[in-house]
file run-v9.csv (CSV, C-alpha atoms and all ligand atoms)
chain,number,residue,atom,x,y,z
R,1,MET,CA,77.2,101.9,134.0
R,2,SER,CA,76.5,98.2,134.7
R,3,ALA,CA,78.0,95.4,132.7
R,4,VAL,CA,76.0,94.1,129.8
R,5,THR,CA,75.5,90.4,130.1
R,6,ARG,CA,72.9,89.0,127.8
R,7,THR,CA,72.5,85.5,126.7
R,8,ILE,CA,72.2,85.4,122.9
R,9,PRO,CA,72.2,82.3,120.7
R,10,GLU,CA,75.8,81.9,119.5
R,11,LEU,CA,74.8,80.9,116.0
R,12,GLY,CA,72.2,83.5,115.1
R,13,PRO,CA,73.3,86.0,112.4
R,14,LEU,CA,75.1,89.0,113.8
R,15,GLU,CA,72.8,92.0,113.8
R,16,ILE,CA,75.5,94.7,113.6
R,17,ALA,CA,76.8,97.2,111.1
R,18,CYS,CA,80.5,97.5,111.0
R,19,TYR,CA,83.1,99.5,109.1
R,20,ARG,CA,86.7,100.7,109.1
R,21,ALA,CA,86.9,104.0,111.0
R,22,THR,CA,90.5,104.7,110.2
R,23,PRO,CA,91.8,105.7,106.8
R,24,HIS,CA,92.5,102.9,104.3
R,25,GLY,CA,96.1,101.8,103.8
R,26,LEU,CA,98.8,100.9,106.2
R,27,GLY,CA,98.8,102.2,109.7
R,28,ALA,CA,100.0,101.0,113.1
R,29,VAL,CA,96.5,100.4,114.4
R,30,ALA,CA,93.2,100.2,112.6
R,31,VAL,CA,89.8,100.9,114.2
R,32,VAL,CA,86.8,98.8,113.3
R,33,GLU,CA,83.5,100.1,114.6
R,34,LEU,CA,80.7,97.8,115.5
R,35,VAL,CA,77.2,99.3,115.8
R,36,GLY,CA,74.1,97.4,116.9
R,37,ASP,CA,73.8,94.1,118.7
R,38,VAL,CA,77.5,94.1,119.8
R,39,THR,CA,77.5,91.5,122.6
R,40,PRO,CA,77.0,88.4,120.4
R,41,ALA,CA,79.6,89.7,117.9
R,42,LEU,CA,82.2,90.2,120.6
R,43,THR,CA,81.3,86.9,122.3
R,44,GLN,CA,81.8,85.0,119.0
R,45,LEU,CA,84.9,86.9,117.9
R,46,CYS,CA,86.8,87.3,121.2
R,47,GLY,CA,85.3,84.4,123.3
R,48,THR,CA,83.8,86.7,125.9
R,49,ASP,CA,81.9,90.0,126.0
R,50,VAL,CA,83.5,93.3,127.0
R,51,GLU,CA,81.6,95.3,129.5
R,52,VAL,CA,80.4,98.8,128.7
R,53,GLY,CA,83.1,101.4,129.5
R,54,ALA,CA,85.9,98.9,129.4
R,55,LEU,CA,89.0,98.6,127.3
R,56,ARG,CA,90.3,95.0,127.0
R,57,LEU,CA,93.0,93.2,125.2
R,58,ARG,CA,91.4,90.4,123.2
R,59,LYS,CA,92.1,87.9,120.5
R,60,PHE,CA,90.1,88.4,117.3
R,61,GLY,CA,89.3,84.8,116.3
R,62,GLY,CA,92.5,83.4,114.7
R,63,ILE,CA,93.0,86.7,112.9
R,64,ASP,CA,94.8,89.0,115.2
R,65,ALA,CA,94.9,90.4,118.8
R,66,GLY,CA,94.2,93.9,119.9
R,67,LEU,CA,92.2,96.2,122.1
R,68,VAL,CA,88.4,96.3,122.3
R,69,ALA,CA,86.8,99.5,123.5
R,70,ARG,CA,83.2,99.0,124.6
R,71,LEU,CA,81.8,102.6,124.2
R,72,ALA,CA,78.1,101.9,124.7
R,73,PRO,CA,75.8,98.9,124.9
R,74,GLU,CA,75.3,99.2,121.1
R,75,ARG,CA,78.7,100.2,120.2
R,76,ALA,CA,82.3,98.9,120.3
R,77,GLN,CA,85.6,99.5,118.6
R,78,LEU,CA,88.1,96.8,117.6
R,79,MET,CA,91.7,97.9,117.3
R,80,PRO,CA,93.6,95.3,115.4
R,81,HIS,CA,97.0,96.0,113.8
R,82,GLY,CA,96.6,98.3,110.9
R,83,GLY,CA,97.6,96.0,108.0
R,84,THR,CA,95.1,96.1,105.2
R,85,ARG,CA,94.9,92.3,105.1
R,86,ILE,CA,94.0,92.0,108.8
R,87,VAL,CA,91.1,94.4,108.4
R,88,GLU,CA,90.0,92.5,105.3
R,89,ARG,CA,90.0,89.3,107.1
R,90,LEU,CA,88.0,90.8,110.0
R,91,ALA,CA,85.5,92.1,107.5
R,92,GLU,CA,85.2,88.6,105.9
R,93,TRP,CA,84.8,87.0,109.3
R,94,LEU,CA,82.0,89.4,110.3
R,95,SER,CA,80.3,89.3,106.9
R,96,GLU,CA,80.2,85.5,106.9
R,97,ARG,CA,78.3,85.7,110.2
R,98,GLY,CA,75.7,88.0,108.9
R,99,ALA,CA,77.1,91.4,109.9
R,100,ASN,CA,76.6,94.2,107.6
R,101,TRP,CA,80.1,95.3,106.6
R,102,ILE,CA,80.1,98.8,105.2
R,103,ASP,CA,82.9,99.7,102.8
R,104,ASP,CA,82.0,103.4,102.7
R,105,PRO,CA,80.5,104.8,106.0
R,106,LEU,CA,79.5,107.9,104.1
R,107,ALA,CA,77.2,105.8,101.8
R,108,PHE,CA,75.9,104.1,104.8
R,109,ARG,CA,74.9,107.5,106.1
R,110,GLU,CA,72.3,107.9,103.3
R,111,GLY,CA,69.5,106.7,105.5
R,112,LEU,CA,71.3,107.5,108.7
R,113,ASP,CA,72.5,110.7,110.2
R,114,ALA,CA,76.2,111.0,110.8
R,115,SER,CA,75.4,111.9,114.5
R,116,GLU,CA,73.8,108.4,114.9
R,117,LEU,CA,76.9,106.8,113.5
R,118,PHE,CA,79.2,108.9,115.7
R,119,PRO,CA,77.3,109.6,118.9
R,120,GLU,CA,80.4,110.8,120.6
R,121,ALA,CA,80.7,113.7,118.2
R,122,ALA,CA,80.1,117.1,119.9
R,123,ASP,CA,77.9,118.4,117.0
R,124,ALA,CA,76.7,117.5,113.5
R,125,THR,CA,79.9,119.0,111.9
R,126,GLU,CA,82.1,116.9,114.0
R,127,ALA,CA,80.0,113.8,113.2
R,128,LEU,CA,80.4,114.5,109.5
R,129,ALA,CA,84.1,115.1,110.0
R,130,MET,CA,84.5,111.7,111.6
R,131,ALA,CA,82.6,110.1,108.8
R,132,THR,CA,84.9,111.8,106.3
R,133,LEU,CA,87.9,110.8,108.3
R,134,ALA,CA,86.9,107.2,108.0
R,135,ARG,CA,87.5,107.3,104.2
R,136,ALA,CA,90.3,110.0,104.1
R,137,ALA,CA,93.4,108.8,102.1
R,138,SER,CA,95.9,111.2,103.7
R,139,PRO,CA,97.3,111.4,107.2
R,140,LEU,CA,97.3,115.2,106.7
R,141,ALA,CA,93.4,115.1,106.7
R,142,VAL,CA,93.2,114.0,110.3
R,143,GLN,CA,94.1,117.2,112.1
R,144,LEU,CA,92.3,119.4,109.7
R,145,LEU,CA,89.0,117.4,109.9
R,146,LEU,CA,89.2,117.4,113.7
R,147,ALA,CA,89.5,121.2,113.7
R,148,GLN,CA,86.5,121.7,111.6
R,149,SER,CA,83.7,121.8,114.2
R,150,GLU,CA,85.5,124.6,116.0
R,151,LEU,CA,86.2,126.5,112.8
R,152,TRP,CA,82.6,126.3,111.6
R,153,ILE,CA,81.4,127.6,115.0
R,154,GLU,CA,84.0,130.4,114.9
R,155,HIS,CA,82.8,131.3,111.4
R,156,GLY,CA,79.2,131.7,112.5
R,157,GLY,CA,76.6,131.9,109.7
R,158,ALA,CA,78.7,134.2,107.5
R,159,PRO,CA,78.5,133.5,103.8
R,160,LEU,CA,81.3,131.5,102.2
R,161,THR,CA,83.4,133.1,99.5
R,162,ALA,CA,84.3,131.7,96.1
R,163,GLU,CA,87.8,131.2,97.5
R,164,ASP,CA,86.5,129.2,100.4
R,165,HIS,CA,84.9,126.8,97.8
R,166,ALA,CA,88.1,126.7,95.7
R,167,ARG,CA,90.2,126.0,98.7
R,168,SER,CA,87.8,123.3,99.9
R,169,ALA,CA,88.0,121.6,96.6
R,170,ARG,CA,91.8,121.5,96.8
R,171,LEU,CA,91.6,120.2,100.4
R,172,MET,CA,89.3,117.4,99.2
R,173,ARG,CA,92.5,115.9,97.7
R,174,LEU,CA,93.4,114.9,101.3
R,175,VAL,CA,90.3,112.8,101.3
R,176,ASP,CA,90.2,111.4,97.7
R,177,ALA,CA,93.7,110.7,96.6
R,178,PRO,CA,94.6,112.9,93.7
R,179,ARG,CA,96.1,111.4,90.5
R,180,VAL,CA,99.7,112.2,89.7
R,181,VAL,CA,101.0,111.2,86.4
R,182,LEU,CA,104.7,110.8,85.6
R,183,ALA,CA,105.4,111.2,81.9
R,184,GLY,CA,108.7,111.2,80.0
R,185,ALA,CA,110.5,109.7,77.0
R,186,PRO,CA,111.6,106.1,77.1
R,187,ASN,CA,114.5,105.5,79.6
R,188,ALA,CA,114.0,108.9,81.3
R,189,GLY,CA,114.0,107.0,84.6
R,190,LYS,CA,110.3,107.1,85.4
R,191,SER,CA,110.0,103.6,86.8
R,192,THR,CA,113.2,103.9,88.9
R,193,LEU,CA,112.0,107.2,90.3
R,194,SER,CA,108.5,105.8,91.0
R,195,ASN,CA,110.0,102.8,92.8
R,196,ALA,CA,112.3,105.1,94.9
R,197,LEU,CA,109.3,107.2,96.0
R,198,LEU,CA,107.3,104.1,96.7
R,199,GLY,CA,110.1,102.4,98.6
R,200,ARG,CA,109.6,99.1,96.9
R,201,GLU,CA,109.8,97.5,93.5
R,202,GLY,CA,106.4,98.5,92.1
R,203,SER,CA,107.3,98.5,88.4
R,204,ILE,CA,109.9,96.8,86.3
R,205,VAL,CA,113.0,98.8,85.5
R,206,SER,CA,115.5,98.0,82.7
R,207,PRO,CA,118.0,99.8,80.5
R,208,GLU,CA,115.9,98.7,77.5
R,209,ALA,CA,113.7,101.5,76.2
R,210,GLY,CA,109.9,100.8,76.4
R,211,THR,CA,110.1,98.5,79.4
R,212,THR,CA,106.9,99.8,81.0
R,213,ARG,CA,104.1,98.9,78.6
R,214,ASP,CA,101.1,99.7,80.7
R,215,ALA,CA,100.6,102.5,83.2
R,216,VAL,CA,101.6,101.2,86.6
R,217,SER,CA,99.9,102.8,89.6
R,218,ALA,CA,100.4,102.8,93.3
R,219,ARG,CA,99.4,104.8,96.3
R,220,ILE,CA,102.3,106.8,97.5
R,221,ASP,CA,102.6,109.0,100.7
R,222,LEU,CA,104.2,112.2,99.7
R,223,ALA,CA,105.0,114.0,103.0
R,224,GLY,CA,101.6,113.3,104.4
R,225,LEU,CA,99.6,113.6,101.2
R,226,VAL,CA,98.7,110.2,99.7
R,227,VAL,CA,98.4,110.3,95.9
R,228,GLU,CA,97.5,107.7,93.3
R,229,TRP,CA,100.8,107.7,91.3
R,230,PHE,CA,100.9,106.6,87.7
R,231,ASP,CA,104.2,105.6,86.1
R,232,LEU,CA,103.4,106.0,82.4
R,233,PRO,CA,105.0,104.0,79.6
R,234,GLY,CA,107.6,106.0,77.7
R,235,VAL,CA,106.1,107.0,74.4
R,236,ARG,CA,107.7,106.4,71.0
R,237,ALA,CA,106.6,105.9,67.4
R,238,THR,CA,105.8,102.2,67.2
R,239,THR,CA,103.9,99.8,65.1
R,240,CYS,CA,103.4,97.4,68.1
R,241,THR,CA,99.7,97.3,68.9
R,242,VAL,CA,100.2,96.5,72.6
R,243,GLU,CA,102.4,99.6,72.9
R,244,ARG,CA,99.9,101.7,70.9
R,245,ASP,CA,97.1,100.7,73.3
R,246,ALA,CA,99.3,101.6,76.3
R,247,ILE,CA,99.9,105.0,74.7
R,248,ALA,CA,96.1,105.5,74.3
R,249,LEU,CA,95.7,104.7,78.0
R,250,ALA,CA,98.4,107.1,78.9
R,251,GLN,CA,96.6,109.9,77.0
R,252,GLY,CA,93.5,109.3,79.0
R,253,LEU,CA,95.4,109.3,82.3
R,254,LEU,CA,97.2,112.5,81.4
R,255,ARG,CA,93.9,114.2,80.5
R,256,ASP,CA,92.4,113.3,83.9
R,257,ALA,CA,95.4,113.8,86.1
R,258,ASP,CA,95.4,116.4,88.9
R,259,LEU,CA,99.1,116.8,88.4
R,260,VAL,CA,101.4,116.0,85.5
R,261,ILE,CA,105.2,115.6,86.0
R,262,SER,CA,107.5,115.6,83.1
R,263,LEU,CA,110.8,113.8,83.4
R,264,ALA,CA,114.0,114.3,81.4
R,265,GLY,CA,117.5,113.2,82.1
R,266,PRO,CA,121.0,112.9,80.7
R,267,GLY,CA,120.6,112.1,77.0
R,268,VAL,CA,116.8,111.9,77.3
R,269,PRO,CA,115.1,115.2,76.2
R,270,TRP,CA,111.9,116.8,77.5
R,271,LEU,CA,108.8,115.7,75.8
R,272,GLU,CA,107.5,118.1,73.2
R,273,GLU,CA,104.4,120.1,74.2
R,274,PRO,CA,101.7,119.4,73.4
R,275,TRP,CA,102.6,115.8,73.8
R,276,LEU,CA,100.6,113.0,72.3
R,277,ASP,CA,98.2,115.6,70.9
R,278,LEU,CA,97.4,116.7,74.4
R,279,PRO,CA,97.3,120.4,75.0
R,280,ARG,CA,98.6,120.0,78.5
R,281,THR,CA,101.6,121.6,80.0
R,282,PRO,CA,103.2,119.7,82.8
R,283,HIS,CA,102.9,121.2,86.3
R,284,VAL,CA,106.3,120.1,87.4
R,285,ARG,CA,109.5,119.4,85.4
R,286,VAL,CA,112.0,117.1,87.0
R,287,TYR,CA,115.5,116.3,85.8
R,288,ALA,CA,116.4,112.7,86.6
R,289,LYS,CA,119.7,110.9,87.2
R,290,SER,CA,121.4,113.9,88.6
R,291,ASP,CA,124.2,111.6,89.9
R,292,GLU,CA,125.4,110.9,86.4
R,293,ALA,CA,128.6,112.7,85.3
R,294,SER,CA,127.0,114.1,82.2
R,295,ALA,CA,124.2,115.7,84.3
R,296,ALA,CA,126.4,118.4,85.7
R,297,ASN,CA,126.6,120.6,82.6
R,298,ASP,CA,123.5,119.4,80.7
R,299,PRO,CA,121.6,122.3,79.3
R,300,LEU,CA,118.3,120.3,79.7
R,301,ARG,CA,118.7,120.7,83.4
R,302,ALA,CA,118.1,124.4,83.2
R,303,HIS,CA,114.5,123.8,82.3
R,304,ALA,CA,113.7,121.7,85.4
R,305,ASP,CA,112.0,122.8,88.6
R,306,LEU,CA,114.4,120.4,90.4
R,307,ALA,CA,116.9,117.7,89.8
R,308,VAL,CA,116.7,114.2,91.4
R,309,SER,CA,118.6,111.0,91.6
R,310,ALA,CA,116.7,107.8,92.3
R,311,LYS,CA,120.1,106.2,92.9
R,312,THR,CA,121.4,108.5,95.6
R,313,GLY,CA,118.1,109.9,96.8
R,314,GLU,CA,119.1,113.5,96.0
R,315,GLY,CA,116.1,115.7,95.6
R,316,LEU,CA,113.5,113.1,96.5
R,317,LYS,CA,112.4,114.9,99.7
R,318,ALA,CA,112.1,118.2,97.7
R,319,LEU,CA,110.1,116.5,95.0
R,320,ARG,CA,107.6,115.0,97.6
R,321,GLU,CA,107.2,118.5,99.1
R,322,LEU,CA,106.9,120.2,95.8
R,323,VAL,CA,104.1,117.9,94.6
R,324,ARG,CA,102.3,118.2,97.9
R,325,GLU,CA,102.6,122.0,97.8
R,326,LYS,CA,101.2,122.0,94.2
R,327,LEU,CA,98.2,119.9,95.1
R,328,VAL,CA,97.4,121.0,98.7
R,329,PRO,CA,99.3,124.2,99.4
R,330,LYS,CA,100.3,124.8,103.0
R,331,ALA,CA,98.4,128.1,102.9
R,332,ASP,CA,95.2,126.2,102.3
R,333,ARG,CA,95.9,123.9,105.3
R,334,ASP,CA,96.9,126.8,107.6
R,335,VAL,CA,94.0,129.2,107.0
R,336,ARG,CA,91.5,129.5,109.8
R,337,ARG,CA,88.4,129.3,107.6
R,338,PRO,CA,85.9,126.5,107.4
R,339,TRP,CA,86.4,123.7,104.9
R,340,VAL,CA,83.4,122.5,103.0
R,341,PHE,CA,84.4,118.8,103.2
R,342,ASP,CA,80.8,117.6,102.8
R,343,ALA,CA,78.1,119.1,100.5
R,344,ARG,CA,75.7,119.5,103.4
R,345,LEU,CA,78.0,122.1,105.0
R,346,ALA,CA,77.7,124.4,101.9
R,347,ARG,CA,75.2,127.2,102.2
B,401,LIG,N1,122.6,106.7,87.4
B,401,LIG,C1,121.2,106.6,87.4
B,401,LIG,N2,120.6,105.8,86.6
B,401,LIG,C2,119.2,105.7,86.6
B,401,LIG,C3,118.5,106.5,87.6
B,401,LIG,N3,117.2,106.3,87.4
B,401,LIG,C4,117.1,105.4,86.4
B,401,LIG,N4,118.3,105.0,85.9
B,401,LIG,C5,118.6,104.1,84.9
B,401,LIG,O1,118.0,104.5,83.7
B,401,LIG,C6,117.5,103.3,82.9
B,401,LIG,C7,116.0,103.5,82.6
B,401,LIG,O2,115.3,103.6,83.8
B,401,LIG,P1,113.7,103.3,83.9
B,401,LIG,O3,113.3,103.7,85.2
B,401,LIG,O4,113.4,101.9,83.4
B,401,LIG,O5,113.2,104.3,82.8
B,401,LIG,P2,111.7,104.5,82.3
B,401,LIG,O6,111.5,106.0,82.1
B,401,LIG,O7,110.7,103.9,83.2
B,401,LIG,O8,111.7,103.8,80.9
B,401,LIG,P3,110.5,103.2,80.1
B,401,LIG,O9,109.6,102.4,81.0
B,401,LIG,O10,111.2,102.4,79.1
B,401,LIG,O11,109.8,104.3,79.4
B,401,LIG,C8,117.8,102.1,83.8
B,401,LIG,O12,119.0,101.5,83.4
B,401,LIG,C9,118.0,102.7,85.2
B,401,LIG,O13,118.8,102.0,86.0
B,401,LIG,C10,119.2,107.4,88.4
B,401,LIG,O14,118.7,108.2,89.3
B,401,LIG,N5,120.6,107.4,88.3
B,402,MG,MG,109.3,102.4,82.9
call {"tool": "encode", "arguments": {"input": "run-v9.csv", "output": "structure tokens"}}
result
Amino acid sequence: MSAVTRTIPELGPLEIACYRATPHGLGAVAVVELVGDVTPALTQLCGTDVEVGALRLRKFGGIDAGLVARLAPERAQLMPHGGTRIVERLAEWLSERGANWIDDPLAFREGLDASELFPEAADATEALAMATLARAASPLAVQLLLAQSELWIEHGGAPLTAEDHARSARLMRLVDAPRVVLAGAPNAGKSTLSNALLGREGSIVSPEAGTTRDAVSARIDLAGLVVEWFDLPGVRATTCTVERDAIALAQGLLRDADLVISLAGPGVPWLEEPWLDLPRTPHVRVYAKSDEASAANDPLRAHADLAVSAKTGEGLKALRELVREKLVPKADRDVRRPWVFDARLAR
């Protein structure tokens, strides 16, 4: 195909739609798709156009440098580094110049077929899979979504079972991050454990009971499954209004959670059930601070699914895997049946 060289006024508004085509969050490289009148956008952003079929290293304004793949006259991919802020700045740069930045390519699809958005897709299922991939929270979603076109073909037009739908709903947790709530009495070690899983200081930890007053949340990657993790305030009888409000918030979070983890530890008992008037049994019971000397013969430990230490790291890998297994079991990911990841695929 010949190179596209068009002279377009530099200052006209960019007539393109663009969106992030790789999952949100940190990654080595992000892909930003440009669809529409691509030449003026590339010319303004990179200083020169990129010919159709070419892959070039370019600077993206003063923002970053990376590869540009020119897939078609009306279509290009920018591949900056994957930091969230870099993509945000690219989005700002493009939006300021009139480009239509789309936060959710699926919503964009309302008036547009997924196949138009992803012309390289082999069929409509693959186009939908690519649109879903663009907003999927978990790395584990990637392989599974890319296998769907083949699985749907293999399946033919056979009716889907109730189990297919139930499994599909569980697999959607790879796309929309499920909510995991960590609950436990004051000082159980909730914030320290959350920080250890997060790998950074996400919440404040102190030996004083009642340190965490509000629920603190963060996205945590648990062995390929990204979850929205809530570190709840430890609950205790209090007259403090602020703390009472925090407890009310905690109740709501517990009610809506996809998974509840209860934490106990040396000298810190399990919460009574139902806790906070909530008729909810925790899905996972974890015994914290297993490194402490008094942990060894603690009878509380016998009621736990596993013991962990945020200090030494003991049990953290097992905890990540257990939570992942409870939310998106391996059996669901391995089965060679189609996944209804978009309502349009249901029949
Ligand atoms: N030895 C040991 N100490 C821990 C561990 N995890 C937490 N601690 C200590 O236990 C105390 C309470 O920890 P936090 O993480 O603040 O407890 P919390 O459950 O968040 O407490 P609240 O927010 O008050 O409900 C702190 O002094 C921590 O250093 C652990 O794995 N081992
Ligand atoms: Mg805390």
call {"tool": "closest_residue", "arguments": {"input": "run-v9.csv", "among": "R:Ile63, R:Val50, R:Leu182, R:Ala122", "to": "ligand MG 402 (chain B)", "atoms": "only C-alpha atoms and all ligand atoms"}}
result
R:Leu182
call {"tool": "closest_residue", "arguments": {"input": "run-v9.csv", "among": "R:Thr192, R:Gln143, R:Thr161, R:Thr281", "to": "ligand LIG 401 (chain B)", "atoms": "all atoms listed in the file"}}
result
R:Thr192
call {"tool": "atom_distance", "arguments": {"input": "run-v9.csv", "atom1": "atom O5 of ligand LIG 401 (chain B)", "atom2": "CA of Asp305 in chain R"}}
result
19.4 Å
call {"tool": "atom_distance", "arguments": {"input": "run-v9.csv", "atom1": "CA of Ser95 in chain R", "atom2": "CA of Glu120 in chain R"}}
result
25.5 Å
call {"tool": "closest_residue", "arguments": {"input": "run-v9.csv", "among": "R:Gly61, R:Pro186, R:Gly199, R:Pro269", "to": "ligand LIG 401 (chain B)", "atoms": "only C-alpha atoms and all ligand atoms"}}
result
R:Pro186
call {"tool": "closest_residue", "arguments": {"input": "run-v9.csv", "among": "R:Asp291, R:Glu51, R:Asp103, R:Glu154", "to": "Val87 in chain R", "atoms": "all atoms listed in the file"}}
result
R:Asp103
call {"tool": "closest_residue", "arguments": {"input": "run-v9.csv", "among": "R:Ala141, R:Ala288, R:Ala127, R:Ala223", "to": "Ser191 in chain R", "atoms": "only C-alpha atoms"}}
result
R:Ala288
call {"tool": "atom_distance", "arguments": {"input": "run-v9.csv", "atom1": "CA of Ala21 in chain R", "atom2": "CA of Leu222 in chain R"}}
result
22.2 Å
call {"tool": "closest_residue", "arguments": {"input": "run-v9.csv", "among": "R:Ser194, R:Asn297, R:Gln77, R:Gln251", "to": "ligand LIG 401 (chain B)", "atoms": "only C-alpha atoms and all ligand atoms"}}
result
R:Ser194
call {"tool": "residues_around", "arguments": {"input": "run-v9.csv", "residues": "Val286 in chain R", "least_positions_apart": "4", "cutoff": "6 Å", "atoms": "all atoms listed in the file", "output": "ChimeraX atom specification"}}
result
/R:263,304-307
call {"tool": "residues_near_point", "arguments": {"input": "run-v9.csv", "point": "(96.2, 112.6, 83.8)", "cutoff": "12 Å", "atoms": "all atoms listed in the file", "output": "ChimeraX atom specification"}}
result
/R:178-183,215,217,228-232,248-262,278-283
call {"tool": "residues_around", "arguments": {"input": "run-v9.csv", "residues": "range 43-47 of chain R", "least_positions_apart": "6", "cutoff": "6 Å", "atoms": "only C-alpha atoms", "output": "PyMOL selection string"}}
result
chain R and resi 58-61
call {"tool": "residues_around", "arguments": {"input": "run-v9.csv", "residues": "range 70-72 of chain R", "least_positions_apart": "5", "cutoff": "9 Å", "atoms": "all atoms listed in the file", "output": "compact mmCIF listing (two decimals) with C-alpha atoms, in the frame of the given file"}}
result
# COMPACT_ATOMS: atom_id res chain seq x y z
CA VAL R 38 77.50 94.10 119.80
CA VAL R 50 83.50 93.30 127.00
CA GLU R 51 81.60 95.30 129.50
CA VAL R 52 80.40 98.80 128.70
CA GLY R 53 83.10 101.40 129.50
CA ALA R 54 85.90 98.90 129.40
CA LEU R 55 89.00 98.60 127.30
CA ARG R 56 90.30 95.00 127.00
CA GLN R 77 85.60 99.50 118.60
CA LEU R 78 88.10 96.80 117.60
call {"tool": "residues_around", "arguments": {"input": "run-v9.csv", "residues": "Asp176 in chain R", "least_positions_apart": "2", "cutoff": "7 Å", "atoms": "all atoms listed in the file", "output": "PDB file with C-alpha atoms, in the frame of the given file"}}
result
ATOM      1  CA  ALA R 136      90.300 110.000 104.100  1.00  0.00           C
ATOM      2  CA  ALA R 137      93.400 108.800 102.100  1.00  0.00           C
ATOM      3  CA  MET R 172      89.300 117.400  99.200  1.00  0.00           C
ATOM      4  CA  ARG R 173      92.500 115.900  97.700  1.00  0.00           C
ATOM      5  CA  LEU R 174      93.400 114.900 101.300  1.00  0.00           C
ATOM      6  CA  PRO R 178      94.600 112.900  93.700  1.00  0.00           C
TER       7      PRO R 178
END
call {"tool": "decode", "arguments": {"input": "run-v9.csv", "residues": "range 298-315 of chain R", "atoms": "N, CA and C atoms", "output": "PDB file, in the first residue's frame"}}
result
ATOM      1  N   ASP R 298      -1.929 -21.151  69.551  1.00  0.00           N
ATOM      2  CA  ASP R 298      -3.173 -20.394  69.732  1.00  0.00           C
ATOM      3  C   ASP R 298      -4.366 -21.202  69.208  1.00  0.00           C
ATOM      4  N   PRO R 299      -5.356 -21.504  70.054  1.00  0.00           N
ATOM      5  CA  PRO R 299      -6.519 -22.276  69.579  1.00  0.00           C
ATOM      6  C   PRO R 299      -7.315 -21.553  68.488  1.00  0.00           C
ATOM      7  N   LEU R 300      -7.204 -20.217  68.417  1.00  0.00           N
ATOM      8  CA  LEU R 300      -7.919 -19.452  67.376  1.00  0.00           C
ATOM      9  C   LEU R 300      -7.478 -19.901  65.980  1.00  0.00           C
ATOM     10  N   ARG R 301      -6.224 -20.302  65.921  1.00  0.00           N
ATOM     11  CA  ARG R 301      -5.617 -20.642  64.630  1.00  0.00           C
ATOM     12  C   ARG R 301      -6.300 -21.853  63.977  1.00  0.00           C
ATOM     13  N   ALA R 302      -6.853 -22.721  64.806  1.00  0.00           N
ATOM     14  CA  ALA R 302      -7.480 -23.943  64.285  1.00  0.00           C
ATOM     15  C   ALA R 302      -8.695 -23.634  63.411  1.00  0.00           C
ATOM     16  N   HIS R 303      -9.292 -22.445  63.592  1.00  0.00           N
ATOM     17  CA  HIS R 303     -10.495 -22.098  62.828  1.00  0.00           C
ATOM     18  C   HIS R 303     -10.161 -21.390  61.508  1.00  0.00           C
ATOM     19  N   ALA R 304      -8.882 -21.228  61.228  1.00  0.00           N
ATOM     20  CA  ALA R 304      -8.491 -20.478  60.029  1.00  0.00           C
ATOM     21  C   ALA R 304      -8.293 -21.400  58.825  1.00  0.00           C
ATOM     22  N   ASP R 305      -8.567 -20.853  57.628  1.00  0.00           N
ATOM     23  CA  ASP R 305      -8.265 -21.589  56.399  1.00  0.00           C
ATOM     24  C   ASP R 305      -6.766 -21.593  56.146  1.00  0.00           C
ATOM     25  N   LEU R 306      -6.131 -20.491  56.552  1.00  0.00           N
ATOM     26  CA  LEU R 306      -4.675 -20.444  56.450  1.00  0.00           C
ATOM     27  C   LEU R 306      -4.116 -19.366  57.368  1.00  0.00           C
ATOM     28  N   ALA R 307      -2.829 -19.491  57.678  1.00  0.00           N
ATOM     29  CA  ALA R 307      -2.162 -18.524  58.549  1.00  0.00           C
ATOM     30  C   ALA R 307      -1.172 -17.716  57.713  1.00  0.00           C
ATOM     31  N   VAL R 308      -1.077 -16.430  58.026  1.00  0.00           N
ATOM     32  CA  VAL R 308      -0.149 -15.567  57.275  1.00  0.00           C
ATOM     33  C   VAL R 308       0.647 -14.682  58.225  1.00  0.00           C
ATOM     34  N   SER R 309       1.744 -14.194  57.717  1.00  0.00           N
ATOM     35  CA  SER R 309       2.481 -13.158  58.438  1.00  0.00           C
ATOM     36  C   SER R 309       2.835 -12.065  57.442  1.00  0.00           C
ATOM     37  N   ALA R 310       2.334 -10.870  57.703  1.00  0.00           N
ATOM     38  CA  ALA R 310       2.678  -9.736  56.833  1.00  0.00           C
ATOM     39  C   ALA R 310       4.144  -9.372  57.043  1.00  0.00           C
ATOM     40  N   LYS R 311       4.666  -9.722  58.211  1.00  0.00           N
ATOM     41  CA  LYS R 311       6.070  -9.380  58.525  1.00  0.00           C
ATOM     42  C   LYS R 311       7.038 -10.261  57.745  1.00  0.00           C
ATOM     43  N   THR R 312       6.815 -11.576  57.761  1.00  0.00           N
ATOM     44  CA  THR R 312       7.777 -12.487  57.106  1.00  0.00           C
ATOM     45  C   THR R 312       7.335 -12.874  55.687  1.00  0.00           C
ATOM     46  N   GLY R 313       6.076 -12.624  55.372  1.00  0.00           N
ATOM     47  CA  GLY R 313       5.579 -12.997  54.041  1.00  0.00           C
ATOM     48  C   GLY R 313       5.007 -14.405  54.006  1.00  0.00           C
ATOM     49  N   GLU R 314       5.068 -15.115  55.126  1.00  0.00           N
ATOM     50  CA  GLU R 314       4.549 -16.489  55.166  1.00  0.00           C
ATOM     51  C   GLU R 314       3.054 -16.504  54.798  1.00  0.00           C
ATOM     52  N   GLY R 315       2.686 -17.394  53.936  1.00  0.00           N
ATOM     53  CA  GLY R 315       1.269 -17.592  53.607  1.00  0.00           C
ATOM     54  C   GLY R 315       0.682 -16.569  52.632  1.00  0.00           C
TER      55      GLY R 315
END
